[in-house]
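One structure is given here, and the rest of the page talks about it.
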Amino acid sequence: MPHLTPDPLVLHQLLAEVAAPRCGGLCAFLGTVRDGPGDGGVTGIEYSAYEAMAEAELDRILAEASRQWREARIAVRHRLGLVPAEEASVAVVVATPHRADAFAACRYVIDEIKRRVPIWKKELRADGTATWVDPSGHPSMVGPR
Amino acid sequence: METAIGATATVRVRFFARYAELAGRAEGTVTLGLPATVADVVARARAEWPGAAALPAAPLAAVNRRHARLDLAVADGDEVALLPPLAGG
């Protein structure tokens with residue numbers, strides 16, 4: 001199953017993918033499109049990716065997590081295209097026999113996604129401007145969209 | 001590994017997100033004399049296409065869909081991608 005999708009993320013479908021009788025701990029992380037006090041009226045984010053590499057990198061992250069937490073069952077989805085404010089752009093769902101491993105594996109996967117997967121976001125604002133997001137702290141205006 | 005004198009590599013260069021906007025293109029090809037590194041591909045790309053001059057001299061890069069250091073050697077047929085700061089999640 002591809003990890004990248006243009007479609008809204010459906011949490012219960014992901015939970016069903018990883019659920020297993022032996023797994024008593026399920027941990028789900030959702031990242032949503034934020035419009036915080038300092039974010040300037042974000043109405044949505046346009047996500048794009050180097051899709052072939054992003055899929056490969058996500059596969060590598062899941063393989064690493066599976067080596068570290070051998071009983072973990074993990075599902076990941078990341079949306080591409082326009083995601084309106086407050087909707088989820090990324091989901092990581094992990095099932096393990098006990099909760100500690102579910103939390104740890106889920107944290108590992110989302111942190112590695114942030115660090116390694118070639119995905120970019122352009123924040124769209126209510127005033128018609130758009131900005132490429134640079135998590136290293138230097139947003140660059142790209143003007144009216 | 002010995003490289004034949006006069007050998008060249010033709011490399012597919014891909015641009016994404018803000019870099020594609022700056023370069024005014026999503027991809028192109030460059031041909032370099034060997035040996036050559038990712039840094040050589042970046043330098044050639046920045047010289048080849050006007051808008052690409054605005055790209056950083058040392059961007060994040062990938063070769064054949066894996067993160068790569070700028071001193072990695074490239075070979076004929078490689079796909080070199082120049083990646084703006086990653087912002088997934």
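Here, A, B, ... name the chains of the structure tokens in the order displayed, residue numbers run from 1 inside each chain, and ligands are numbered from 1 in the same displayed order.
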Give me, as a Markdown table, the closest atom pair and its distance (Å, one decimal) for every residue of chain B within a cut-off of 10 Å of chain A, counting only C-alpha atoms, rows sorted by chain and rising number.
```
| residue | atom | partner | partner_atom | distance |
| --- | --- | --- | --- | --- |
| B:Arg14 | CA | A:Tyr50 | CA | 9.2 |
| B:Phe15 | CA | A:Tyr50 | CA | 9.0 |
| B:Phe16 | CA | A:Tyr50 | CA | 7.0 |
| B:Ala17 | CA | A:Trp120 | CA | 6.5 |
| B:Arg18 | CA | A:Trp132 | CA | 6.9 |
| B:Glu21 | CA | A:Val142 | CA | 9.2 |
| B:Ala62 | CA | A:Met53 | CA | 8.7 |
| B:Val63 | CA | A:Met53 | CA | 9.7 |
| B:Asn64 | CA | A:Met53 | CA | 8.1 |
| B:Arg65 | CA | A:Met53 | CA | 4.5 |
| B:Arg66 | CA | A:Met53 | CA | 6.9 |
| B:His67 | CA | A:Arg116 | CA | 8.2 |
| B:Ala81 | CA | A:Tyr50 | CA | 8.6 |
| B:Leu83 | CA | A:Pro118 | CA | 7.2 |
| B:Pro84 | CA | A:Trp120 | CA | 7.8 |
| B:Pro85 | CA | A:Asp134 | CA | 5.8 |
| B:Leu86 | CA | A:Pro118 | CA | 5.7 |
| B:Ala87 | CA | A:Trp120 | CA | 4.8 |
| B:Gly88 | CA | A:Ile119 | CA | 4.7 |
| B:Gly89 | CA | A:Val90 | CA | 5.5 |
```
Atoms kept (C-alpha atoms) for selection, written as a PDB file, in the first residue's frame:
```
ATOM      1  CA  ARG B  14      15.578  17.006 -10.574  1.00  0.00           C
ATOM      2  CA  PHE B  15      14.288  20.092  -8.765  1.00  0.00           C
ATOM      3  CA  PHE B  16      11.505  20.150  -6.232  1.00  0.00           C
ATOM      4  CA  ALA B  17       9.209  22.630  -4.498  1.00  0.00           C
ATOM      5  CA  ARG B  18      10.872  26.048  -4.091  1.00  0.00           C
ATOM      6  CA  GLU B  21      10.174  27.440  -8.902  1.00  0.00           C
ATOM      7  CA  ALA B  62      19.810  12.722  -3.145  1.00  0.00           C
ATOM      8  CA  VAL B  63      21.264  10.284  -5.647  1.00  0.00           C
ATOM      9  CA  ASN B  64      19.009   7.577  -7.004  1.00  0.00           C
ATOM     10  CA  ARG B  65      16.386   8.213  -4.302  1.00  0.00           C
ATOM     11  CA  ARG B  66      18.757   8.157  -1.325  1.00  0.00           C
ATOM     12  CA  HIS B  67      20.154  11.053   0.654  1.00  0.00           C
ATOM     13  CA  ALA B  81      17.773  15.488  -6.851  1.00  0.00           C
ATOM     14  CA  LEU B  83      16.067  19.066  -2.128  1.00  0.00           C
ATOM     15  CA  PRO B  84      14.870  22.217  -0.355  1.00  0.00           C
ATOM     16  CA  PRO B  85      14.753  22.021   3.456  1.00  0.00           C
ATOM     17  CA  LEU B  86      12.464  19.080   4.250  1.00  0.00           C
ATOM     18  CA  ALA B  87       9.099  19.934   5.757  1.00  0.00           C
ATOM     19  CA  GLY B  88       7.053  16.759   5.964  1.00  0.00           C
ATOM     20  CA  GLY B  89       4.548  16.044   8.701  1.00  0.00           C
TER      21      GLY B  89
END
```
Would you mind listing what lies within 6 Å of Val42 in chain A as an mmCIF file with C-alpha atoms, in the first residue's frame, with only C-alpha atoms counted and same-chain residues fewer than 2 positions away left out?
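Full text of around08.cif as output:
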```cif
data_model
loop_
_atom_site.group_PDB
_atom_site.id
_atom_site.type_symbol
_atom_site.label_atom_id
_atom_site.label_comp_id
_atom_site.auth_asym_id
_atom_site.auth_seq_id
_atom_site.Cartn_x
_atom_site.Cartn_y
_atom_site.Cartn_z
ATOM 1 C CA ASP A 35 -3.091 27.907 12.266
ATOM 2 C CA GLY A 40 -0.728 34.403 10.141
ATOM 3 C CA GLY A 44 -4.362 25.215 4.315
ATOM 4 C CA LEU A 124 -1.619 29.266 2.087
ATOM 5 C CA ARG A 125 -2.961 32.299 3.967
#
```
* Asked: Of the candidates B:Val11, B:Ala20, B:Ala58, B:Ala53, which one gets nearest to Val74 in chain B if we count only C-alpha atoms?
  -> B:Val11
* Please identify all polymer residues within 8 Å of Gly33 in chain B, counting only C-alpha atoms, omitting same-chain residues fewer than 4 positions from it, and present them as a PyMOL selection string. => chain B and resi 6-9
Restricting the output to N, CA and C atoms, write the selected residues as a short mmCIF file (atom, residue, chain, number, x, y, z; two decimals), in the first residue's frame.
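As written to disk, result-v4.cif reads:
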```cif
data_model
loop_
_atom_site.label_atom_id
_atom_site.label_comp_id
_atom_site.auth_asym_id
_atom_site.auth_seq_id
_atom_site.Cartn_x
_atom_site.Cartn_y
_atom_site.Cartn_z
N GLY B 6 38.62 10.92 -20.67
CA GLY B 6 37.57 11.42 -21.56
C GLY B 6 36.20 10.87 -21.26
N ALA B 7 36.09 9.99 -20.24
CA ALA B 7 34.77 9.44 -19.93
C ALA B 7 33.87 10.54 -19.37
N THR B 8 32.60 10.45 -19.71
CA THR B 8 31.63 11.42 -19.21
C THR B 8 30.44 10.71 -18.60
N ALA B 9 29.69 11.47 -17.81
CA ALA B 9 28.45 10.95 -17.24
C ALA B 9 27.33 11.93 -17.56
#
```
* Asked: Distance CA of Val83 in chain A-CA of Ala63 in chain A, one decimal place?
  -> 27.7 Å
* **Residues near range 11-17 of chain A, cut-off 10 Å, only C-alpha atoms, skip fewer than 2 positions along chain, as an MDAnalysis selection string** => chainID A and resid 8:9 19:20 26:30 73:77 88 91:95
* Per-residue DSSP, range 5-77 of chain B, filtered to strand (DSSP E), as an NGL selection string -> :B and (8-15 or 27-33 or 60-63 or 66-68)
For the selection you just gave me, I'd like the residues written to a file as an mmCIF file, in the first residue's frame, keeping C-alpha atoms.
```
data_model
loop_
_atom_site.group_PDB
_atom_site.id
_atom_site.type_symbol
_atom_site.label_atom_id
_atom_site.label_comp_id
_atom_site.auth_asym_id
_atom_site.auth_seq_id
_atom_site.Cartn_x
_atom_site.Cartn_y
_atom_site.Cartn_z
ATOM 1 C CA THR B 8 31.635 11.423 -19.206
ATOM 2 C CA ALA B 9 28.450 10.950 -17.239
ATOM 3 C CA THR B 10 25.045 12.231 -18.237
ATOM 4 C CA VAL B 11 23.004 12.822 -15.123
ATOM 5 C CA ARG B 12 19.330 13.607 -14.710
ATOM 6 C CA VAL B 13 18.880 16.565 -12.351
ATOM 7 C CA ARG B 14 15.578 17.006 -10.574
ATOM 8 C CA PHE B 15 14.288 20.092 -8.765
ATOM 9 C CA GLU B 27 14.268 18.534 -14.300
ATOM 10 C CA GLY B 28 17.065 18.661 -16.822
ATOM 11 C CA THR B 29 20.193 16.770 -17.803
ATOM 12 C CA VAL B 30 23.842 17.702 -17.505
ATOM 13 C CA THR B 31 26.919 15.953 -18.861
ATOM 14 C CA LEU B 32 30.113 16.059 -16.852
ATOM 15 C CA GLY B 33 33.627 14.767 -17.273
ATOM 16 C CA LEU B 60 20.491 18.881 0.466
ATOM 17 C CA ALA B 61 20.808 16.268 -2.273
ATOM 18 C CA ALA B 62 19.810 12.722 -3.145
ATOM 19 C CA VAL B 63 21.264 10.284 -5.647
ATOM 20 C CA ARG B 66 18.757 8.157 -1.325
ATOM 21 C CA HIS B 67 20.154 11.053 0.654
ATOM 22 C CA ALA B 68 23.700 11.720 -0.507
#
```
* Asked: When DSSP works through the backbone of this structure, what residues of chain B end up as helix (DSSP H, G or I), shown as a ChimeraX atom specification?
  -> /B:17-23,38-48,50-54
Quick one: write out the picked residues with C-alpha atoms as a PDB file, in the first residue's frame?
```
ATOM      1  CA  ALA B  17       9.209  22.630  -4.498  1.00  0.00           C
ATOM      2  CA  ARG B  18      10.872  26.048  -4.091  1.00  0.00           C
ATOM      3  CA  TYR B  19      13.936  24.956  -6.047  1.00  0.00           C
ATOM      4  CA  ALA B  20      11.766  23.995  -9.022  1.00  0.00           C
ATOM      5  CA  GLU B  21      10.174  27.440  -8.902  1.00  0.00           C
ATOM      6  CA  LEU B  22      13.576  29.143  -8.748  1.00  0.00           C
ATOM      7  CA  ALA B  23      15.061  27.013 -11.531  1.00  0.00           C
ATOM      8  CA  VAL B  38      27.210  15.610  -6.544  1.00  0.00           C
ATOM      9  CA  ALA B  39      28.788  19.010  -5.852  1.00  0.00           C
ATOM     10  CA  ASP B  40      29.941  19.163  -9.480  1.00  0.00           C
ATOM     11  CA  VAL B  41      26.395  18.424 -10.628  1.00  0.00           C
ATOM     12  CA  VAL B  42      25.059  21.214  -8.393  1.00  0.00           C
ATOM     13  CA  ALA B  43      27.643  23.680  -9.716  1.00  0.00           C
ATOM     14  CA  ARG B  44      26.840  22.779 -13.316  1.00  0.00           C
ATOM     15  CA  ALA B  45      23.087  23.047 -12.715  1.00  0.00           C
ATOM     16  CA  ARG B  46      23.485  26.477 -11.111  1.00  0.00           C
ATOM     17  CA  ALA B  47      25.469  27.648 -14.134  1.00  0.00           C
ATOM     18  CA  GLU B  48      23.286  25.965 -16.758  1.00  0.00           C
ATOM     19  CA  PRO B  50      19.485  31.086 -15.105  1.00  0.00           C
ATOM     20  CA  GLY B  51      17.064  30.746 -12.206  1.00  0.00           C
ATOM     21  CA  ALA B  52      19.062  27.884 -10.725  1.00  0.00           C
ATOM     22  CA  ALA B  53      21.825  30.319  -9.817  1.00  0.00           C
ATOM     23  CA  ALA B  54      19.591  31.314  -6.887  1.00  0.00           C
TER      24      ALA B  54
END
```
* **One-decimal distance in Å that lies between CA of Pro2 in chain A and CA of Ala105 in chain A** => 19.8 Å
At most 6 Å is the cut-off: for each residue in range 6-51 of chain A with any atom that close to an atom of range 97-102 of chain A, write down the nearest atom pair and the distance in Å rounded to one decimal, counting only C-alpha atoms, chain first then increasing number, as CSV.
```
residue,atom,partner,partner_atom,distance
A:Arg22,CA,A:Pro97,CA,5.7
A:Cys23,CA,A:Pro97,CA,3.9
A:Gly24,CA,A:Pro97,CA,4.9
A:Gly25,CA,A:Arg99,CA,4.5
A:Cys27,CA,A:Ala102,CA,5.5
```
Go ahead and dump the residues you just picked, N, CA and C atoms, as a PDB file, in the first residue's frame.
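part36.pdb written:
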```pdb
ATOM      1  N   ARG A  22      -2.658 -10.286  19.458  1.00  0.00           N
ATOM      2  CA  ARG A  22      -1.543 -10.276  20.408  1.00  0.00           C
ATOM      3  C   ARG A  22      -1.109  -8.870  20.803  1.00  0.00           C
ATOM      4  N   CYS A  23      -1.637  -7.851  20.099  1.00  0.00           N
ATOM      5  CA  CYS A  23      -1.213  -6.474  20.341  1.00  0.00           C
ATOM      6  C   CYS A  23      -2.208  -5.757  21.246  1.00  0.00           C
ATOM      7  N   GLY A  24      -1.797  -5.499  22.475  1.00  0.00           N
ATOM      8  CA  GLY A  24      -2.686  -4.848  23.436  1.00  0.00           C
ATOM      9  C   GLY A  24      -2.454  -3.359  23.550  1.00  0.00           C
ATOM     10  N   GLY A  25      -1.435  -2.859  22.832  1.00  0.00           N
ATOM     11  CA  GLY A  25      -1.176  -1.424  22.874  1.00  0.00           C
ATOM     12  C   GLY A  25      -1.210  -0.842  21.478  1.00  0.00           C
ATOM     13  N   CYS A  27      -0.898   2.853  19.483  1.00  0.00           N
ATOM     14  CA  CYS A  27      -0.560   4.258  19.621  1.00  0.00           C
ATOM     15  C   CYS A  27      -0.746   4.909  18.262  1.00  0.00           C
TER      16      CYS A  27
END
```
